$ cat run-v4.tsv   # TSV, C-alpha atoms
chain	number	residue	atom	x	y	z
A	1	MET	CA	-1.52	173.27	28.51
A	2	THR	CA	1.98	174.45	27.73
A	3	GLU	CA	1.55	173.31	24.14
A	4	THR	CA	-1.31	175.66	23.28
A	5	PRO	CA	0.15	178.85	21.78
A	6	ARG	CA	0.10	181.70	24.27
A	7	ASP	CA	-1.89	183.96	21.91
A	8	ILE	CA	-4.68	181.40	21.71
A	9	GLU	CA	-4.71	180.95	25.50
A	10	ALA	CA	-5.00	184.72	25.93
A	11	LEU	CA	-7.87	184.83	23.45
A	12	ILE	CA	-9.74	182.03	25.25
A	13	GLU	CA	-9.26	183.86	28.55
A	14	LEU	CA	-10.73	187.09	27.13
A	15	MET	CA	-13.64	185.26	25.50
A	16	SER	CA	-14.46	183.51	28.78
A	17	ARG	CA	-15.14	186.90	30.39
A	18	LEU	CA	-18.19	187.41	28.18
A	19	PRO	CA	-21.54	186.75	29.86
A	20	GLY	CA	-22.87	183.30	29.00
A	21	LEU	CA	-19.44	181.90	28.15
A	22	GLY	CA	-17.34	179.93	30.61
A	23	PRO	CA	-13.81	178.58	30.08
A	24	ARG	CA	-15.16	175.52	28.29
A	25	SER	CA	-17.54	177.25	25.89
A	26	ALA	CA	-14.96	179.99	25.27
A	27	ARG	CA	-12.55	177.27	24.14
A	28	ARG	CA	-15.21	175.80	21.86
A	29	ALA	CA	-15.93	179.22	20.37
A	30	VAL	CA	-12.23	179.90	19.76
A	31	LEU	CA	-11.79	176.50	18.10
A	32	ALA	CA	-14.77	177.18	15.83
A	33	MET	CA	-13.15	180.47	14.87
A	34	LEU	CA	-9.76	178.83	14.32
A	35	LYS	CA	-11.42	176.55	11.78
A	36	ARG	CA	-12.91	179.55	9.98
A	37	ARG	CA	-10.09	182.06	10.23
A	38	GLU	CA	-10.93	183.88	6.99
A	39	GLY	CA	-14.69	183.58	7.13
A	40	LEU	CA	-15.39	184.31	10.78
A	41	MET	CA	-12.36	185.17	12.91
A	42	ALA	CA	-10.91	187.99	10.80
A	43	PRO	CA	-14.31	189.67	10.16
A	44	LEU	CA	-15.15	189.43	13.86
A	45	ALA	CA	-11.82	191.01	14.84
A	46	GLN	CA	-12.52	193.79	12.36
A	47	ALA	CA	-16.11	194.33	13.56
A	48	LEU	CA	-14.99	194.48	17.19
A	49	ALA	CA	-12.23	196.96	16.43
A	50	THR	CA	-14.65	199.16	14.45
A	51	VAL	CA	-17.25	199.22	17.22
A	52	ALA	CA	-14.68	199.66	19.99
A	53	LEU	CA	-13.42	202.75	18.19
A	54	SER	CA	-16.74	204.24	17.07
A	55	ALA	CA	-19.13	203.51	19.95
A	56	ARG	CA	-20.08	206.50	22.11
A	57	ASP	CA	-22.54	207.13	24.91
A	58	CYS	CA	-25.20	209.63	23.78
A	59	ARG	CA	-24.71	212.82	25.78
A	60	VAL	CA	-28.49	213.36	26.08
A	61	CYS	CA	-29.97	209.94	26.83
A	62	GLY	CA	-27.07	207.57	27.56
A	63	ASN	CA	-27.94	205.24	24.66
A	64	ILE	CA	-24.96	203.78	22.78
A	65	GLY	CA	-24.43	205.06	19.25
A	66	THR	CA	-21.67	206.13	16.94
A	67	SER	CA	-21.77	209.86	17.62
A	68	ASP	CA	-22.25	212.21	20.58
A	69	LEU	CA	-25.97	212.28	19.82
A	70	CYS	CA	-27.57	208.84	19.30
A	71	ALA	CA	-29.79	208.05	16.30
A	72	ILE	CA	-32.96	208.30	18.41
A	73	CYS	CA	-32.10	211.69	19.95
A	74	ALA	CA	-31.08	212.96	16.51
A	75	ASP	CA	-34.32	211.81	14.85
A	76	PRO	CA	-36.73	214.77	14.46
A	77	ALA	CA	-39.62	212.34	13.93
A	78	ARG	CA	-39.44	211.06	17.52
A	79	ALA	CA	-41.69	212.88	19.97
A	80	THR	CA	-39.62	214.99	22.36
A	81	GLY	CA	-42.43	215.30	24.89
A	82	GLU	CA	-42.31	211.67	26.00
A	83	VAL	CA	-39.24	210.28	27.76
A	84	CYS	CA	-39.06	206.57	28.58
A	85	VAL	CA	-36.69	205.82	31.49
A	86	VAL	CA	-34.92	202.46	31.28
A	87	GLU	CA	-32.24	200.84	33.40
A	88	ASP	CA	-29.99	199.74	30.62
A	89	VAL	CA	-29.27	199.92	26.89
A	90	ALA	CA	-30.49	196.30	26.67
A	91	ASP	CA	-33.90	197.48	27.91
A	92	LEU	CA	-33.89	200.34	25.38
A	93	TRP	CA	-33.24	197.81	22.60
A	94	ALA	CA	-36.08	195.62	23.92
A	95	MET	CA	-38.46	198.62	23.88
A	96	GLU	CA	-37.38	199.44	20.32
A	97	ARG	CA	-37.99	195.87	19.18
A	98	SER	CA	-41.61	196.19	20.36
A	99	ARG	CA	-42.00	199.20	18.01
A	100	ALA	CA	-44.59	200.46	20.50
A	101	PHE	CA	-42.86	203.65	21.60
A	102	LYS	CA	-42.15	206.66	19.40
A	103	GLY	CA	-40.67	209.05	21.95
A	104	ARG	CA	-37.19	209.43	23.41
A	105	TYR	CA	-35.29	207.55	26.09
A	106	HIS	CA	-33.25	208.12	29.20
A	107	VAL	CA	-30.86	205.33	30.16
A	108	LEU	CA	-30.08	205.27	33.90
A	109	GLY	CA	-27.18	202.85	33.69
A	110	GLY	CA	-28.45	200.64	36.51
A	111	THR	CA	-30.66	200.83	39.57
A	112	LEU	CA	-30.24	202.28	43.02
A	113	SER	CA	-28.68	199.67	45.25
A	114	ALA	CA	-27.72	200.12	48.88
A	115	LEU	CA	-25.84	196.81	48.74
A	116	ASP	CA	-23.58	197.91	45.88
A	117	SER	CA	-23.63	201.50	47.22
A	118	ILE	CA	-25.06	202.89	43.98
A	119	GLY	CA	-26.76	206.22	44.65
A	120	PRO	CA	-28.69	208.62	42.39
A	121	ASP	CA	-25.51	210.41	41.29
A	122	GLN	CA	-24.09	207.23	39.77
A	123	LEU	CA	-27.26	206.76	37.72
A	124	ARG	CA	-27.86	209.82	35.54
A	125	ILE	CA	-30.89	210.68	37.69
A	126	PRO	CA	-29.72	214.33	38.11
A	127	ASP	CA	-29.44	214.46	34.28
A	128	LEU	CA	-33.03	213.29	34.02
A	129	VAL	CA	-34.28	215.92	36.47
A	130	ALA	CA	-32.38	218.64	34.58
A	131	ARG	CA	-33.65	217.33	31.24
A	132	VAL	CA	-37.27	217.41	32.40
A	133	ALA	CA	-36.81	220.98	33.70
A	134	GLU	CA	-35.12	222.28	30.54
A	135	ASP	CA	-36.81	220.41	27.68
A	136	GLN	CA	-40.52	220.42	27.08
A	137	VAL	CA	-41.13	216.98	28.53
A	138	ARG	CA	-44.80	216.27	29.17
A	139	GLU	CA	-44.61	212.65	30.28
A	140	VAL	CA	-41.95	210.46	31.88
A	141	ILE	CA	-42.66	206.73	31.42
A	142	LEU	CA	-40.83	204.61	34.00
A	143	ALA	CA	-40.01	201.34	32.20
A	144	LEU	CA	-37.87	199.86	34.96
A	145	ASN	CA	-37.68	196.15	35.66
A	146	ALA	CA	-40.31	194.71	38.00
A	147	THR	CA	-37.64	193.86	40.56
A	148	VAL	CA	-37.20	195.29	44.07
A	149	ASP	CA	-34.27	197.48	42.98
A	150	GLY	CA	-36.12	198.55	39.83
A	151	GLN	CA	-39.23	199.55	41.73
A	152	THR	CA	-37.23	201.33	44.47
A	153	THR	CA	-35.53	203.35	41.73
A	154	ALA	CA	-38.90	204.13	40.12
A	155	HIS	CA	-40.23	205.47	43.42
A	156	TYR	CA	-37.10	207.57	43.94
A	157	ILE	CA	-37.40	209.09	40.45
A	158	ALA	CA	-41.11	209.80	40.91
A	159	ASP	CA	-40.25	211.68	44.13
A	160	ALA	CA	-37.39	213.58	42.47
A	161	LEU	CA	-39.67	214.68	39.62
A	162	ALA	CA	-42.63	215.58	41.85
A	163	PRO	CA	-41.76	219.34	41.98
A	164	SER	CA	-42.01	219.57	38.19
A	165	GLU	CA	-45.44	219.30	36.62
A	166	VAL	CA	-44.50	216.38	34.37
A	167	ARG	CA	-46.86	213.44	34.14
A	168	ILE	CA	-45.23	210.27	35.52
A	169	THR	CA	-46.43	206.84	34.40
A	170	SER	CA	-45.11	203.32	34.52
A	171	LEU	CA	-45.58	200.19	32.40
A	172	ALA	CA	-48.71	198.20	33.19
A	173	GLN	CA	-48.23	194.97	35.12
A	174	GLY	CA	-50.29	191.91	34.31
A	175	VAL	CA	-50.43	188.61	32.46
A	176	PRO	CA	-47.94	188.56	29.55
A	177	ILE	CA	-49.34	187.88	26.08
A	178	GLY	CA	-49.49	184.11	25.63
A	179	GLY	CA	-48.94	183.64	29.37
A	180	GLU	CA	-50.61	180.71	31.12
A	181	LEU	CA	-51.93	181.38	34.62
A	182	ASP	CA	-50.69	178.02	35.83
A	183	TYR	CA	-47.11	179.04	35.12
A	184	LEU	CA	-47.30	182.60	36.45
A	185	ASP	CA	-46.08	183.62	39.88
A	186	ASP	CA	-48.58	184.73	42.52
A	187	GLY	CA	-47.37	188.32	42.45
A	188	THR	CA	-48.13	188.73	38.76
A	189	ILE	CA	-51.58	187.15	39.11
A	190	GLY	CA	-52.32	189.43	42.07
A	191	ALA	CA	-51.18	192.53	40.14
A	192	ALA	CA	-53.25	191.50	37.10
A	193	LEU	CA	-56.33	190.99	39.29
A	194	ARG	CA	-55.97	194.35	41.03
A	195	ALA	CA	-55.58	196.08	37.65
A	196	ARG	CA	-58.52	194.23	36.06
A	197	ARG	CA	-60.54	196.04	33.41
A	198	GLY	CA	-64.12	195.90	32.12
A	199	VAL	CA	-64.50	193.82	28.93
B	1	MET	CA	-34.22	197.76	15.15
B	2	THR	CA	-33.43	200.61	12.78
B	3	GLU	CA	-32.08	202.65	15.67
B	4	THR	CA	-29.24	200.29	16.59
B	5	PRO	CA	-26.09	201.40	14.74
B	6	ARG	CA	-25.37	199.17	11.76
B	7	ASP	CA	-21.84	198.36	13.01
B	8	ILE	CA	-23.24	197.01	16.26
B	9	GLU	CA	-25.88	194.96	14.43
B	10	ALA	CA	-23.16	193.47	12.21
B	11	LEU	CA	-21.09	192.61	15.29
B	12	ILE	CA	-24.05	190.90	17.00
B	13	GLU	CA	-24.71	188.91	13.83
B	14	LEU	CA	-21.10	187.69	13.68
B	15	MET	CA	-21.03	186.85	17.39
B	16	SER	CA	-24.25	184.83	17.05
B	17	ARG	CA	-22.47	182.46	14.64
B	18	LEU	CA	-20.21	181.21	17.44
B	19	PRO	CA	-21.18	177.85	18.90
B	20	GLY	CA	-23.12	178.23	22.14
B	21	LEU	CA	-24.28	181.76	21.33
B	22	GLY	CA	-27.67	182.54	19.81
B	23	PRO	CA	-28.98	185.95	18.72
B	24	ARG	CA	-30.05	186.74	22.27
B	25	SER	CA	-26.84	185.79	24.07
B	26	ALA	CA	-24.77	187.39	21.31
B	27	ARG	CA	-26.60	190.66	22.02
B	28	ARG	CA	-25.92	190.27	25.74
B	29	ALA	CA	-22.23	189.62	25.07
B	30	VAL	CA	-21.96	192.66	22.79
B	31	LEU	CA	-23.68	194.88	25.38
B	32	ALA	CA	-21.29	193.66	28.06
B	33	MET	CA	-18.40	194.56	25.76
B	34	LEU	CA	-19.91	197.97	24.94
B	35	LYS	CA	-19.87	198.72	28.65
B	36	ARG	CA	-16.20	197.77	28.85
B	37	ARG	CA	-14.86	199.14	25.57
B	38	GLU	CA	-11.34	199.84	26.85
B	39	GLY	CA	-11.04	196.92	29.24
B	40	LEU	CA	-12.55	194.10	27.21
B	41	MET	CA	-13.69	195.00	23.69
B	42	ALA	CA	-10.46	196.56	22.40
B	43	PRO	CA	-8.18	193.83	23.86
B	44	LEU	CA	-10.48	191.13	22.45
B	45	ALA	CA	-10.40	192.73	18.99
B	46	GLN	CA	-6.61	192.83	19.23
B	47	ALA	CA	-6.32	189.22	20.43
B	48	LEU	CA	-8.60	187.99	17.63
B	49	ALA	CA	-6.66	189.90	14.98
B	50	THR	CA	-3.36	188.53	16.32
B	51	VAL	CA	-4.53	184.93	16.31
B	52	ALA	CA	-6.31	185.24	12.94
B	53	LEU	CA	-3.03	186.39	11.44
B	54	SER	CA	-0.64	184.06	13.22
B	55	ALA	CA	-2.55	180.76	13.48
B	56	ARG	CA	-1.40	177.99	11.15
B	57	ASP	CA	-2.20	174.31	10.71
B	58	CYS	CA	0.86	172.19	11.51
B	59	ARG	CA	2.04	170.57	8.27
B	60	VAL	CA	2.89	167.32	10.06
B	61	CYS	CA	0.04	166.65	12.47
B	62	GLY	CA	-2.73	169.17	11.69
B	63	ASN	CA	-2.61	170.76	15.16
B	64	ILE	CA	-3.07	174.53	15.26
B	65	GLY	CA	-0.04	176.58	16.18
B	66	THR	CA	1.75	179.74	15.19
B	67	SER	CA	4.23	178.26	12.74
B	68	ASP	CA	4.33	175.58	10.03
B	69	LEU	CA	5.45	173.08	12.66
B	70	CYS	CA	3.39	173.07	15.88
B	71	ALA	CA	4.99	173.21	19.33
B	72	ILE	CA	4.40	169.50	19.91
B	73	CYS	CA	5.95	168.37	16.60
B	74	ALA	CA	8.86	170.76	17.19
B	75	ASP	CA	9.51	169.47	20.73
B	76	PRO	CA	12.45	167.01	20.69
B	77	ALA	CA	11.38	165.69	24.11
B	78	ARG	CA	8.16	164.17	22.73
B	79	ALA	CA	8.45	160.53	21.66
B	80	THR	CA	8.26	160.23	17.88
B	81	GLY	CA	7.45	156.53	17.97
B	82	GLU	CA	3.91	157.00	19.35
B	83	VAL	CA	1.27	158.78	17.32
B	84	CYS	CA	-2.14	159.49	18.87
B	85	VAL	CA	-4.88	159.92	16.25
B	86	VAL	CA	-7.66	162.36	17.24
B	87	GLU	CA	-10.66	163.72	15.34
B	88	ASP	CA	-10.17	167.33	16.19
B	89	VAL	CA	-7.87	169.93	17.75
B	90	ALA	CA	-10.33	170.09	20.67
B	91	ASP	CA	-9.61	166.41	21.35
B	92	LEU	CA	-5.86	167.04	21.13
B	93	TRP	CA	-6.23	169.80	23.74
B	94	ALA	CA	-8.26	167.44	25.95
B	95	MET	CA	-5.51	164.79	25.69
B	96	GLU	CA	-2.88	167.40	26.55
B	97	ARG	CA	-4.85	168.53	29.61
B	98	SER	CA	-4.72	164.96	30.92
B	99	ARG	CA	-0.89	165.12	30.77
B	100	ALA	CA	-1.00	161.37	30.21
B	101	PHE	CA	0.53	161.23	26.72
B	102	LYS	CA	4.06	162.19	25.81
B	103	GLY	CA	4.11	161.25	22.14
B	104	ARG	CA	2.92	163.05	19.01
B	105	TYR	CA	-0.48	163.57	17.45
B	106	HIS	CA	-2.28	163.26	14.15
B	107	VAL	CA	-5.42	165.36	13.79
B	108	LEU	CA	-7.88	163.91	11.26
B	109	GLY	CA	-10.11	166.96	11.01
B	110	GLY	CA	-13.34	165.00	11.47
B	111	THR	CA	-14.71	161.50	10.97
B	112	LEU	CA	-15.76	159.49	7.96
B	113	SER	CA	-19.40	160.19	7.28
B	114	ALA	CA	-21.45	158.78	4.42
B	115	LEU	CA	-24.23	161.24	5.27
B	116	ASP	CA	-22.00	164.29	4.87
B	117	SER	CA	-20.02	162.52	2.11
B	118	ILE	CA	-16.74	162.85	3.98
B	119	GLY	CA	-14.30	160.24	2.70
B	120	PRO	CA	-10.73	159.32	3.76
B	121	ASP	CA	-9.20	161.93	1.44
B	122	GLN	CA	-10.96	164.77	3.27
B	123	LEU	CA	-9.55	163.57	6.57
B	124	ARG	CA	-5.75	163.50	6.40
B	125	ILE	CA	-5.89	159.68	6.53
B	126	PRO	CA	-3.52	159.35	3.51
B	127	ASP	CA	-1.13	161.68	5.40
B	128	LEU	CA	-1.27	159.34	8.38
B	129	VAL	CA	-0.54	156.27	6.26
B	130	ALA	CA	2.40	158.07	4.62
B	131	ARG	CA	3.65	159.29	8.01
B	132	VAL	CA	3.61	155.78	9.47
B	133	ALA	CA	5.47	154.44	6.44
B	134	GLU	CA	8.13	157.18	6.45
B	135	ASP	CA	8.72	157.97	10.12
B	136	GLN	CA	9.73	155.42	12.67
B	137	VAL	CA	6.28	155.06	14.21
B	138	ARG	CA	5.97	152.02	16.47
B	139	GLU	CA	2.45	152.54	17.80
B	140	VAL	CA	-0.66	154.32	16.55
B	141	ILE	CA	-3.15	155.04	19.35
B	142	LEU	CA	-6.68	155.62	18.04
B	143	ALA	CA	-8.24	158.17	20.41
B	144	LEU	CA	-11.44	158.70	18.43
B	145	ASN	CA	-14.75	159.47	20.05
B	146	ALA	CA	-16.87	156.52	21.13
B	147	THR	CA	-19.54	157.40	18.57
B	148	VAL	CA	-20.66	155.38	15.54
B	149	ASP	CA	-18.77	157.69	13.15
B	150	GLY	CA	-15.70	157.71	15.40
B	151	GLN	CA	-15.57	153.93	15.64
B	152	THR	CA	-16.21	153.50	11.89
B	153	THR	CA	-13.27	155.79	11.24
B	154	ALA	CA	-11.11	153.85	13.72
B	155	HIS	CA	-11.87	150.59	11.90
B	156	TYR	CA	-11.09	152.17	8.55
B	157	ILE	CA	-7.73	153.47	9.80
B	158	ALA	CA	-6.85	150.11	11.36
B	159	ASP	CA	-7.51	148.48	7.97
B	160	ALA	CA	-5.52	151.13	6.10
B	161	LEU	CA	-2.53	150.63	8.44
B	162	ALA	CA	-2.71	146.82	8.45
B	163	PRO	CA	-0.04	146.39	5.71
B	164	SER	CA	2.51	148.26	7.84
B	165	GLU	CA	3.83	146.53	10.94
B	166	VAL	CA	2.81	149.30	13.30
B	167	ARG	CA	1.07	148.39	16.54
B	168	ILE	CA	-2.50	149.77	16.59
B	169	THR	CA	-4.26	150.40	19.90
B	170	SER	CA	-7.29	152.34	21.06
B	171	LEU	CA	-8.33	154.02	24.30
B	172	ALA	CA	-9.86	151.67	26.88
B	173	GLN	CA	-13.61	151.84	27.33
B	174	GLY	CA	-15.15	151.55	30.78
B	175	VAL	CA	-16.53	153.37	33.79
B	176	PRO	CA	-15.21	156.97	33.94
B	177	ILE	CA	-13.37	158.00	37.12
B	178	GLY	CA	-16.00	159.19	39.57
B	179	GLY	CA	-18.74	157.65	37.44
B	180	GLU	CA	-21.79	156.15	39.15
B	181	LEU	CA	-23.19	152.98	37.63
B	182	ASP	CA	-26.74	154.21	38.14
B	183	TYR	CA	-26.11	157.13	35.80
B	184	LEU	CA	-24.15	155.27	33.12
B	185	ASP	CA	-25.69	154.03	29.90
B	186	ASP	CA	-26.04	150.28	29.28
B	187	GLY	CA	-23.42	150.28	26.53
B	188	THR	CA	-20.72	151.63	28.83
B	189	ILE	CA	-21.56	149.17	31.60
B	190	GLY	CA	-21.51	146.31	29.07
B	191	ALA	CA	-18.13	147.43	27.70
B	192	ALA	CA	-16.70	147.77	31.21
B	193	LEU	CA	-17.93	144.30	32.15
B	194	ARG	CA	-16.47	142.68	29.03
B	195	ALA	CA	-13.13	144.40	29.68
B	196	ARG	CA	-13.09	143.47	33.42
B	197	ARG	CA	-9.72	142.84	35.02
B	198	GLY	CA	-8.48	140.79	37.96
B	199	VAL	CA	-8.06	142.81	41.18
$ encode --input "run-v4.tsv" --output "structure tokens"
Amino acid sequence: MTETPRDIEALIELMSRLPGLGPRSARRAVLAMLKRREGLMAPLAQALATVALSARDCRVCGNIGTSDLCAICADPARATGEVCVVEDVADLWAMERSRAFKGRYHVLGGTLSALDSIGPDQLRIPDLVARVAEDQVREVILALNATVDGQTTAHYIADALAPSEVRITSLAQGVPIGGELDYLDDGTIGAALRARRGV
Amino acid sequence: MTETPRDIEALIELMSRLPGLGPRSARRAVLAMLKRREGLMAPLAQALATVALSARDCRVCGNIGTSDLCAICADPARATGEVCVVEDVADLWAMERSRAFKGRYHVLGGTLSALDSIGPDQLRIPDLVARVAEDQVREVILALNATVDGQTTAHYIADALAPSEVRITSLAQGVPIGGELDYLDDGTIGAALRARRGV
């Protein structure tokens, strides 16, 4: 591939590091951009540069915004008494898309993992404990993924917050809306059965 | 999604226009970049800006390079007498990866298509005819895709070049290296049988 300009090769290599893109699809994406240099490539370069410069981690909750305090933490209309703990900014965005939650967030930045030697101090868990002690938090909602690491982390946080008098809850487990029993795993069906409610 | 900064939303929207990325995977890619702002996002913005500014279509063959004459057309070691006609820069890159061809290229920029009303004048076919007449081209190799549109275009080009005395060839069709007959379509097996050779 000596005949491909070095700049383009470097661009393909960087693009192929994005999740969901391999060397082949990165090349396809770069070619599509090369065909639309004015309409797509230049605006994308500009948008990336803007975000790379302006993006900041919120000092309170760990969400990504454009100032030291994210839009959610800065919004006086959001209830300060309810803090929803999520693993990741992606999970925060998913919660926001549901429009079901009107409180504030706390982004851990991952889950506890003995394998990757990630302990509580790497995860903003001490920040959460301090935040619950200082602010007037009434309820901590653990919205962690229903994975082994997620649930281990939820248990650890529940233990860490036990000395405070905050109410600790977690998302309900059960059949997803539109879910068909035939396609659900046994664990989900079992959890839904154990948590059954009167009609 | 009012709480996602507008810059980030704009970036996700632009990323989702790339082939192979939808709204969901574009969001994942942007989040991955937001976590690596220094290591990935800023360099990618820089690489995109560089290429968007420097990339040019070669005035002879239509390949994409960083000057008016691409590296292949500028290379005195490449045979000028053989011109390989491809639909797209992606196909040119694929030919180059094979390291099997040491001549020059002519990139059409697509195929004839009645449906999309793409005629010969949109495709750099007149350029090819002029190039064959002016330069000392001995052989034109039609390396178009084995699709209906590709083969229609190949026939059209062969007709357009008939008045000149240039030799016109096309890539062989047959069983791909490593191909298993059981997984090949009937058309390929038929073509391979018709083009069978003595052992």
$ interface_residues --input "run-v4.tsv" --of "chain B" --to "chain A" --cutoff "6 Å" --atoms "all atoms listed in the file" --output "compact mmCIF listing (two decimals) with C-alpha atoms, in the frame of the given file"
# COMPACT_ATOMS: atom_id res chain seq x y z
CA MET B 1 -34.22 197.76 15.15
CA GLU B 3 -32.08 202.65 15.67
CA LEU B 11 -21.09 192.61 15.29
CA LEU B 18 -20.21 181.21 17.44
CA PRO B 19 -21.18 177.85 18.90
CA ALA B 29 -22.23 189.62 25.07
CA ARG B 37 -14.86 199.14 25.57
CA ALA B 42 -10.46 196.56 22.40
CA ALA B 45 -10.40 192.73 18.99
CA ALA B 47 -6.32 189.22 20.43
CA LEU B 48 -8.60 187.99 17.63
CA ALA B 49 -6.66 189.90 14.98
CA ALA B 52 -6.31 185.24 12.94
CA ALA B 71 4.99 173.21 19.33
CA ARG B 97 -4.85 168.53 29.61
$ atom_distance --input "run-v4.tsv" --atom1 "atom CA of Ala79 of chain A" --atom2 "atom CA of Gln122 of chain A"
27.1 Å
$ atom_distance --input "run-v4.tsv" --atom1 "atom CA of Arg196 of chain B" --atom2 "atom CA of Asp182 of chain B"
18.0 Å
$ residues_near_point --input "run-v4.tsv" --point "(-17.0, 154.4, 11.4)" --cutoff "10 Å" --atoms "only C-alpha atoms" --output "list in words"
Thr111, Leu112, Ser113, Ala114, Leu144, Ala146, Thr147, Val148, Asp149, Gly150, Gln151, Thr152, Thr153, Ala154, His155, Tyr156 and Ile157 of chain B
$ atom_distance --input "run-v4.tsv" --atom1 "atom CA of Val60 of chain A" --atom2 "atom CA of Ala158 of chain A"
19.8 Å
$ residues_around --input "run-v4.tsv" --residues "Leu161 of chain B" --least-positions-apart "5" --cutoff "10 Å" --atoms "only C-alpha atoms" --output "PDB file with C-alpha atoms, keeping the file's coordinate frame"
ATOM      1  CA  ILE B 125      -5.890 159.680   6.530  1.00  0.00           C
ATOM      2  CA  LEU B 128      -1.270 159.340   8.380  1.00  0.00           C
ATOM      3  CA  VAL B 129      -0.540 156.270   6.260  1.00  0.00           C
ATOM      4  CA  ALA B 130       2.400 158.070   4.620  1.00  0.00           C
ATOM      5  CA  VAL B 132       3.610 155.780   9.470  1.00  0.00           C
ATOM      6  CA  ALA B 133       5.470 154.440   6.440  1.00  0.00           C
ATOM      7  CA  VAL B 140      -0.660 154.320  16.550  1.00  0.00           C
ATOM      8  CA  HIS B 155     -11.870 150.590  11.900  1.00  0.00           C
ATOM      9  CA  TYR B 156     -11.090 152.170   8.550  1.00  0.00           C
ATOM     10  CA  VAL B 166       2.810 149.300  13.300  1.00  0.00           C
ATOM     11  CA  ARG B 167       1.070 148.390  16.540  1.00  0.00           C
ATOM     12  CA  ILE B 168      -2.500 149.770  16.590  1.00  0.00           C
TER      13      ILE B 168
END
$ closest_residue --input "run-v4.tsv" --among "A:Ala191, A:Val86, A:Val175, A:Ala160" --to "Leu142 of chain A" --atoms "only C-alpha atoms"
A:Val86
